[in-house]
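Reviewing the structure listed below.
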Amino acid sequence: MLLTFDQVSLGGDQSHRLANATGEISDRGITALVGPSGAGKSTLLRLANRLEVPDSGTVQFRGHDINTLDPLALRRRVAMVFQRPTPFPGSVMENLCVGDPELNETQAVTLLERVGLAADLLTRDALLLSGGEAQRVCLARALATNPEVVLMDEPTSSLDPAARTDLEKLARSLANSGIPIVWVTHDIAQMQRIADYVLVMIDGAIAHSANATDLEANSSLPVRDFLAGKKL
């Protein structure tokens with residue numbers, strides 16, 4: 001397995017954001033991490049590359065407790081793209097070099113092509129890109145580290161429908177090329193479009209996991225209610 005969560009809990013100011021969350025994420029395809037707002041989806045994702053640390057329980061990456069791994073080395077292997085594009089001041093080329101300081105222009109162009117962007121963007125000011133362009137540059141920057149998985153935390157929430165569709169297609173292309181994707185969303189329709197595997201989170205716990213084609217089999221009533229679009 002790519003990621004394993006074993007009895008993971010993490011408290012917050014008001015209540016537990018995660019409560020004994022236990023489950024596994026496949027090392028291939030696209031895994032959608034879904035559930036209502038506040039269910040703990042983004043928190044679970046942030047634990048996977050040590051942006052947060054659990055109060056109890058363990059998180060494993062390819063069988064290794066991530067608390068035993070160097071955080072910076074882990075984050076190169078477990079890349080993350082956030083909900084809103086996060087380009088840094090400077091050119092697109094300078095942004096890509098954050099992922100790989102030794103990157104040359106030819107390699108940078110290849111990265112842009114990989115995410116569907118033209119080579120002439122290299123000299124553009126990254127802070128002046130459109131939302132869709134900026135999110136793709138952020139993904140290219142993540143890919144510059146040659147990651148073993150890409151975590152995507154509601155990456156289309158601030159994009160228009162066309163840019164959203166493009167990013168979903170790009171995620172599928174990456175998954176097909178052998179880079180597993182973990183995609184957080186509360187959008188059931190998006191889950192249905194992109195997911196090979198699904199983990200459903202309810203109240204800080206992983207309530208159900210299944211192949212996307214067999215999602216409702218043996219699921220609990222709260223999970224079925226969420227998948228039916230009912231407010232929990």
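By order of appearance in the structure tokens: chains A, B, ..., then residues from 1 within every chain, and ligands from 1 in the order shown.
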**Item:** Neighbour list for Ser219 of chain A as a list of chain:residue names, cut-off 9 Å, only C-alpha atoms, skip fewer than 5 positions in-chain
**Value:** A:Ala207, A:His208, A:Ser209, A:Arg224
Writing out the chosen residues with N, CA, C and O atoms as a compact mmCIF listing (two decimals), in the first residue's frame:
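Contents of again-v2.txt, as written:
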```
# COMPACT_ATOMS: atom_id res chain seq x y z
N ALA A 207 -14.90 6.17 7.19
CA ALA A 207 -16.11 5.38 7.42
C ALA A 207 -16.27 4.26 6.41
O ALA A 207 -16.97 3.28 6.68
N HIS A 208 -15.64 4.39 5.23
CA HIS A 208 -15.84 3.39 4.18
C HIS A 208 -14.77 3.56 3.13
O HIS A 208 -14.32 4.68 2.85
N SER A 209 -14.32 2.47 2.54
CA SER A 209 -13.40 2.51 1.41
C SER A 209 -13.77 1.41 0.44
O SER A 209 -14.20 0.32 0.85
N ARG A 224 -24.07 6.18 2.88
CA ARG A 224 -25.07 6.17 1.80
C ARG A 224 -25.78 7.51 1.71
O ARG A 224 -26.07 8.00 0.62
```
Within 9 Å of segment 184-187 of chain A, which residues of segment 41-72 of chain A come that close, and what is the closest atom pair and distance in Å for each? Count only C-alpha atoms and give it as a tab-separated table.
```
residue	atom	partner	partner_atom	distance
A:Lys41	CA	A:Val184	CA	6.4
A:Ser42	CA	A:Val184	CA	6.8
A:Leu45	CA	A:Val184	CA	7.9
```
Write to file, as a JSON list (two decimals), in the first residue's frame, the residues of the selection just made, with all heavy atoms.
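What ended up in result_6.json:
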```json
[["chain", "number", "residue", "atom", "x", "y", "z"],
["A", 41, "LYS", "N", -10.89, 15.53, 5.86],
["A", 41, "LYS", "CA", -10.22, 15.12, 4.62],
["A", 41, "LYS", "C", -8.87, 15.81, 4.45],
["A", 41, "LYS", "O", -7.85, 15.15, 4.23],
["A", 41, "LYS", "CB", -11.12, 15.43, 3.41],
["A", 41, "LYS", "CG", -12.51, 14.82, 3.48],
["A", 41, "LYS", "CD", -13.32, 15.13, 2.24],
["A", 41, "LYS", "CE", -13.60, 16.61, 2.02],
["A", 41, "LYS", "NZ", -14.41, 17.21, 3.12],
["A", 42, "SER", "N", -8.88, 17.13, 4.52],
["A", 42, "SER", "CA", -7.63, 17.87, 4.31],
["A", 42, "SER", "C", -6.63, 17.59, 5.42],
["A", 42, "SER", "O", -5.42, 17.53, 5.17],
["A", 42, "SER", "CB", -7.91, 19.38, 4.23],
["A", 42, "SER", "OG", -8.69, 19.68, 3.08],
["A", 45, "LEU", "N", -4.89, 14.41, 4.66],
["A", 45, "LEU", "CA", -3.94, 14.61, 3.58],
["A", 45, "LEU", "C", -2.66, 15.28, 4.10],
["A", 45, "LEU", "O", -1.55, 14.90, 3.72],
["A", 45, "LEU", "CB", -4.58, 15.47, 2.49],
["A", 45, "LEU", "CG", -4.01, 15.33, 1.08],
["A", 45, "LEU", "CD1", -4.33, 13.96, 0.51],
["A", 45, "LEU", "CD2", -4.56, 16.41, 0.16]]
```
**Who sits within 10 Å of Gln192 of chain A, only C-alpha atoms, same chain under 6 positions skipped, as a list in words** = Ala32, Val198, Ala212 and Thr213 of chain A
For all heavy atoms, I'd like the residues from the last selection saved as a compact mmCIF listing (two decimals), in the first residue's frame.
```
# COMPACT_ATOMS: atom_id res chain seq x y z
N ALA A 32 -9.97 9.11 -4.44
CA ALA A 32 -10.70 10.30 -4.00
C ALA A 32 -10.99 10.17 -2.52
O ALA A 32 -11.51 9.14 -2.05
CB ALA A 32 -12.00 10.45 -4.78
N VAL A 198 -12.15 5.06 -3.58
CA VAL A 198 -12.76 6.12 -2.78
C VAL A 198 -12.64 5.78 -1.30
O VAL A 198 -12.89 4.64 -0.88
CB VAL A 198 -14.26 6.29 -3.15
CG1 VAL A 198 -14.90 7.37 -2.26
CG2 VAL A 198 -14.42 6.66 -4.62
N ALA A 212 -14.28 2.52 -6.85
CA ALA A 212 -15.32 3.47 -7.25
C ALA A 212 -16.51 2.79 -7.89
O ALA A 212 -17.64 3.28 -7.80
CB ALA A 212 -14.72 4.51 -8.20
N THR A 213 -16.28 1.64 -8.53
CA THR A 213 -17.36 0.93 -9.22
C THR A 213 -18.24 0.13 -8.26
O THR A 213 -19.28 -0.37 -8.64
CB THR A 213 -16.79 -0.02 -10.28
OG1 THR A 213 -15.84 -0.90 -9.64
CG2 THR A 213 -16.10 0.76 -11.38
```
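Comparing A:Gly116, A:Gly35, A:Pro155, A:Pro101 by their smallest distance to Ile188 of chain A, the closest is A:Gly35 (using only C-alpha atoms).
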**Request:** For Val182 of chain A, work out the shell of residues within 9 Å, counting only C-alpha atoms and skipping chain neighbours fewer than 2 positions away, then give it as a list in words.
**Result:** Ile25, Gly29, Ile30, Thr31, Ala32, Leu33, Leu45, Val149, Val150, Leu151, Met152, Asp153, Pro180 and Val184 of chain A
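For segment 61-73 of chain A, the set of protein, DNA and RNA residues having any atom at most 6 Å away, when counting only C-alpha atoms and skipping those fewer than 3 positions along the same chain, is Met1, Leu2, Leu3 and Arg76 of chain A.
You can rank A:Gly132, A:Ile206, A:Phe226, A:Thr86 by their closest distance to Asp6 of chain A using only C-alpha atoms, and at the top of that list sits A:Ile206.
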**Prompt:** Quick one: residues within 7 Å of Asn49 of chain A, only C-alpha atoms counted, chain neighbours fewer than 3 positions away excluded, as a list in words?
**Reply:** Arg46, Leu74, Arg75 and Val78 of chain A
**Asked** What are the DSSP strand (DSSP E or B) residues of segment 16-231 of chain A, as JSON, numbers by chain?
**Response** {"A": [16, 17, 18, 19, 20, 21, 22, 23, 24, 25, 30, 31, 32, 33, 34, 56, 57, 58, 59, 60, 61, 64, 65, 78, 79, 80, 81, 91, 125, 149, 150, 151, 152, 153, 181, 182, 183, 184, 185, 197, 198, 199, 200, 201, 202, 205, 206, 207, 208, 209, 210, 211]}
**Message:** Neighbouring residues of Leu129 of chain A were defined as those with any atom within 12 Å, considering only C-alpha atoms; residues of the same chain fewer than 5 positions away were excluded. Please report them as a ChimeraX atom specification.
**Reply:** /A:85-92,117,121-124,134-138
Let's have the selection written as a compact mmCIF listing (two decimals), in the first residue's frame, with N, CA, C and O atoms.
```
# COMPACT_ATOMS: atom_id res chain seq x y z
N PRO A 85 -4.05 28.05 -5.83
CA PRO A 85 -2.71 28.10 -6.39
C PRO A 85 -1.77 28.91 -5.51
O PRO A 85 -2.16 29.96 -4.98
N THR A 86 -0.55 28.43 -5.32
CA THR A 86 0.40 29.10 -4.44
C THR A 86 1.71 29.40 -5.18
O THR A 86 2.79 28.95 -4.76
N PRO A 87 1.66 30.16 -6.29
CA PRO A 87 2.92 30.52 -6.94
C PRO A 87 3.72 31.47 -6.07
O PRO A 87 3.16 32.25 -5.29
N PHE A 88 5.05 31.39 -6.20
CA PHE A 88 5.92 32.28 -5.46
C PHE A 88 6.27 33.49 -6.31
O PHE A 88 6.20 33.43 -7.56
N PRO A 89 6.64 34.62 -5.73
CA PRO A 89 7.08 35.77 -6.53
C PRO A 89 8.25 35.38 -7.43
O PRO A 89 9.13 34.62 -7.03
N GLY A 90 8.23 35.91 -8.64
CA GLY A 90 9.28 35.59 -9.61
C GLY A 90 8.70 34.96 -10.85
O GLY A 90 7.48 34.84 -11.01
N SER A 91 9.55 34.57 -11.74
CA SER A 91 9.13 33.98 -13.01
C SER A 91 8.66 32.55 -12.81
O SER A 91 8.91 31.93 -11.77
N VAL A 92 8.00 32.02 -13.84
CA VAL A 92 7.61 30.61 -13.81
C VAL A 92 8.85 29.73 -13.69
O VAL A 92 8.86 28.74 -12.94
N LEU A 117 1.13 23.27 -20.60
CA LEU A 117 1.43 24.70 -20.73
C LEU A 117 2.52 24.91 -21.77
O LEU A 117 3.38 24.05 -21.96
N LEU A 121 5.71 30.42 -21.33
CA LEU A 121 5.33 30.85 -19.98
C LEU A 121 6.53 30.93 -19.03
O LEU A 121 6.42 31.53 -17.96
N LEU A 122 7.66 30.35 -19.42
CA LEU A 122 8.80 30.29 -18.50
C LEU A 122 9.22 31.66 -18.00
O LEU A 122 9.64 31.81 -16.85
N THR A 123 9.13 32.67 -18.86
CA THR A 123 9.59 34.00 -18.47
C THR A 123 8.49 34.85 -17.86
O THR A 123 8.74 35.98 -17.42
N ARG A 124 7.27 34.33 -17.81
CA ARG A 124 6.15 35.10 -17.27
C ARG A 124 6.25 35.24 -15.76
O ARG A 124 6.77 34.37 -15.06
N ALA A 134 -1.87 29.10 -13.04
CA ALA A 134 -1.11 29.07 -11.79
C ALA A 134 -1.18 27.70 -11.13
O ALA A 134 -0.18 27.20 -10.61
N GLN A 135 -2.35 27.07 -11.16
CA GLN A 135 -2.47 25.75 -10.55
C GLN A 135 -1.65 24.72 -11.31
O GLN A 135 -1.03 23.83 -10.70
N ARG A 136 -1.59 24.85 -12.62
CA ARG A 136 -0.76 23.92 -13.41
C ARG A 136 0.72 24.14 -13.14
O ARG A 136 1.50 23.19 -13.09
N VAL A 137 1.11 25.41 -12.99
CA VAL A 137 2.51 25.68 -12.65
C VAL A 137 2.85 25.09 -11.29
O VAL A 137 3.93 24.51 -11.09
N CYS A 138 1.93 25.20 -10.34
CA CYS A 138 2.16 24.60 -9.02
C CYS A 138 2.30 23.08 -9.13
O CYS A 138 3.13 22.47 -8.44
```
**Request:** Mind the document's chain letters and residue numbers, and return as a PyMOL selection string the residues of chain A that DSSP labels alpha helix (DSSP H).
**Result:** chain A and resi 41-47+71-77+92-99+105-114+131-143+161-176+188-194+221-227
Writing out the chosen residues with C-alpha atoms as a JSON list (two decimals), in the first residue's frame:
```
[["chain", "number", "residue", "atom", "x", "y", "z"],
["A", 41, "LYS", "CA", -10.22, 15.12, 4.62],
["A", 42, "SER", "CA", -7.63, 17.87, 4.31],
["A", 43, "THR", "CA", -6.23, 17.08, 7.75],
["A", 44, "LEU", "CA", -5.65, 13.45, 6.77],
["A", 45, "LEU", "CA", -3.94, 14.61, 3.58],
["A", 46, "ARG", "CA", -1.66, 17.00, 5.49],
["A", 47, "LEU", "CA", -0.60, 14.17, 7.79],
["A", 71, "PRO", "CA", 10.39, 15.62, 6.51],
["A", 72, "LEU", "CA", 12.03, 17.42, 3.58],
["A", 73, "ALA", "CA", 12.97, 14.17, 1.87],
["A", 74, "LEU", "CA", 9.43, 12.87, 2.48],
["A", 75, "ARG", "CA", 7.87, 15.96, 0.90],
["A", 76, "ARG", "CA", 9.92, 15.44, -2.25],
["A", 77, "ARG", "CA", 8.50, 11.93, -2.49],
["A", 92, "VAL", "CA", 7.61, 30.61, -13.81],
["A", 93, "MET", "CA", 11.15, 29.31, -14.33],
["A", 94, "GLU", "CA", 12.12, 30.48, -10.84],
["A", 95, "ASN", "CA", 9.04, 28.75, -9.43],
["A", 96, "LEU", "CA", 9.98, 25.46, -11.09],
["A", 97, "CYS", "CA", 13.52, 25.76, -9.71],
["A", 98, "VAL", "CA", 12.07, 25.72, -6.21],
["A", 99, "GLY", "CA", 11.23, 22.07, -6.91],
["A", 105, "GLU", "CA", 15.51, 25.27, -19.46],
["A", 106, "THR", "CA", 14.95, 22.12, -21.50],
["A", 107, "GLN", "CA", 13.79, 20.22, -18.43],
["A", 108, "ALA", "CA", 11.57, 23.13, -17.41],
["A", 109, "VAL", "CA", 9.91, 23.19, -20.83],
["A", 110, "THR", "CA", 9.30, 19.44, -20.53],
["A", 111, "LEU", "CA", 7.60, 19.98, -17.17],
["A", 112, "LEU", "CA", 5.37, 22.70, -18.62],
["A", 113, "GLU", "CA", 4.46, 20.47, -21.55],
["A", 114, "ARG", "CA", 3.64, 17.69, -19.12],
["A", 131, "GLY", "CA", -6.01, 30.65, -11.87],
["A", 132, "GLY", "CA", -5.83, 27.63, -14.12],
["A", 133, "GLU", "CA", -2.32, 28.46, -15.33],
["A", 134, "ALA", "CA", -1.11, 29.07, -11.79],
["A", 135, "GLN", "CA", -2.47, 25.75, -10.55],
["A", 136, "ARG", "CA", -0.76, 23.92, -13.41],
["A", 137, "VAL", "CA", 2.51, 25.68, -12.65],
["A", 138, "CYS", "CA", 2.16, 24.60, -9.02],
["A", 139, "LEU", "CA", 1.63, 21.04, -10.21],
["A", 140, "ALA", "CA", 4.67, 21.28, -12.52],
["A", 141, "ARG", "CA", 6.70, 22.59, -9.57],
["A", 142, "ALA", "CA", 5.58, 19.57, -7.54],
["A", 143, "LEU", "CA", 6.50, 17.21, -10.38],
["A", 161, "PRO", "CA", -15.36, 24.83, -15.18],
["A", 162, "ALA", "CA", -13.00, 24.64, -18.19],
["A", 163, "ALA", "CA", -9.87, 24.81, -16.03],
["A", 164, "ARG", "CA", -11.41, 22.27, -13.64],
["A", 165, "THR", "CA", -11.99, 19.81, -16.47],
["A", 166, "ASP", "CA", -8.45, 20.32, -17.75],
["A", 167, "LEU", "CA", -6.95, 19.60, -14.32],
["A", 168, "GLU", "CA", -9.07, 16.48, -13.89],
["A", 169, "LYS", "CA", -7.82, 15.21, -17.26],
["A", 170, "LEU", "CA", -4.27, 16.01, -16.27],
["A", 171, "ALA", "CA", -4.63, 14.04, -13.03],
["A", 172, "ARG", "CA", -5.89, 11.07, -15.03],
["A", 173, "SER", "CA", -2.91, 11.34, -17.37],
["A", 174, "LEU", "CA", -0.48, 11.37, -14.46],
["A", 175, "ALA", "CA", -2.19, 8.38, -12.83],
["A", 176, "ASN", "CA", -2.05, 6.49, -16.11],
["A", 188, "ILE", "CA", -19.74, 13.77, -5.48],
["A", 189, "ALA", "CA", -19.99, 14.43, -9.23],
["A", 190, "GLN", "CA", -16.25, 15.09, -9.40],
["A", 191, "MET", "CA", -15.57, 11.92, -7.44],
["A", 192, "GLN", "CA", -17.64, 9.98, -9.96],
["A", 193, "ARG", "CA", -15.67, 11.48, -12.86],
["A", 194, "ILE", "CA", -12.15, 10.88, -11.62],
["A", 221, "LEU", "CA", -26.26, 4.59, 6.43],
["A", 222, "PRO", "CA", -24.28, 7.86, 6.93],
["A", 223, "VAL", "CA", -22.07, 6.97, 3.98],
["A", 224, "ARG", "CA", -25.07, 6.17, 1.80],
["A", 225, "ASP", "CA", -26.71, 9.42, 2.87],
["A", 226, "PHE", "CA", -23.60, 11.40, 1.92],
["A", 227, "LEU", "CA", -23.31, 9.67, -1.45]]
```
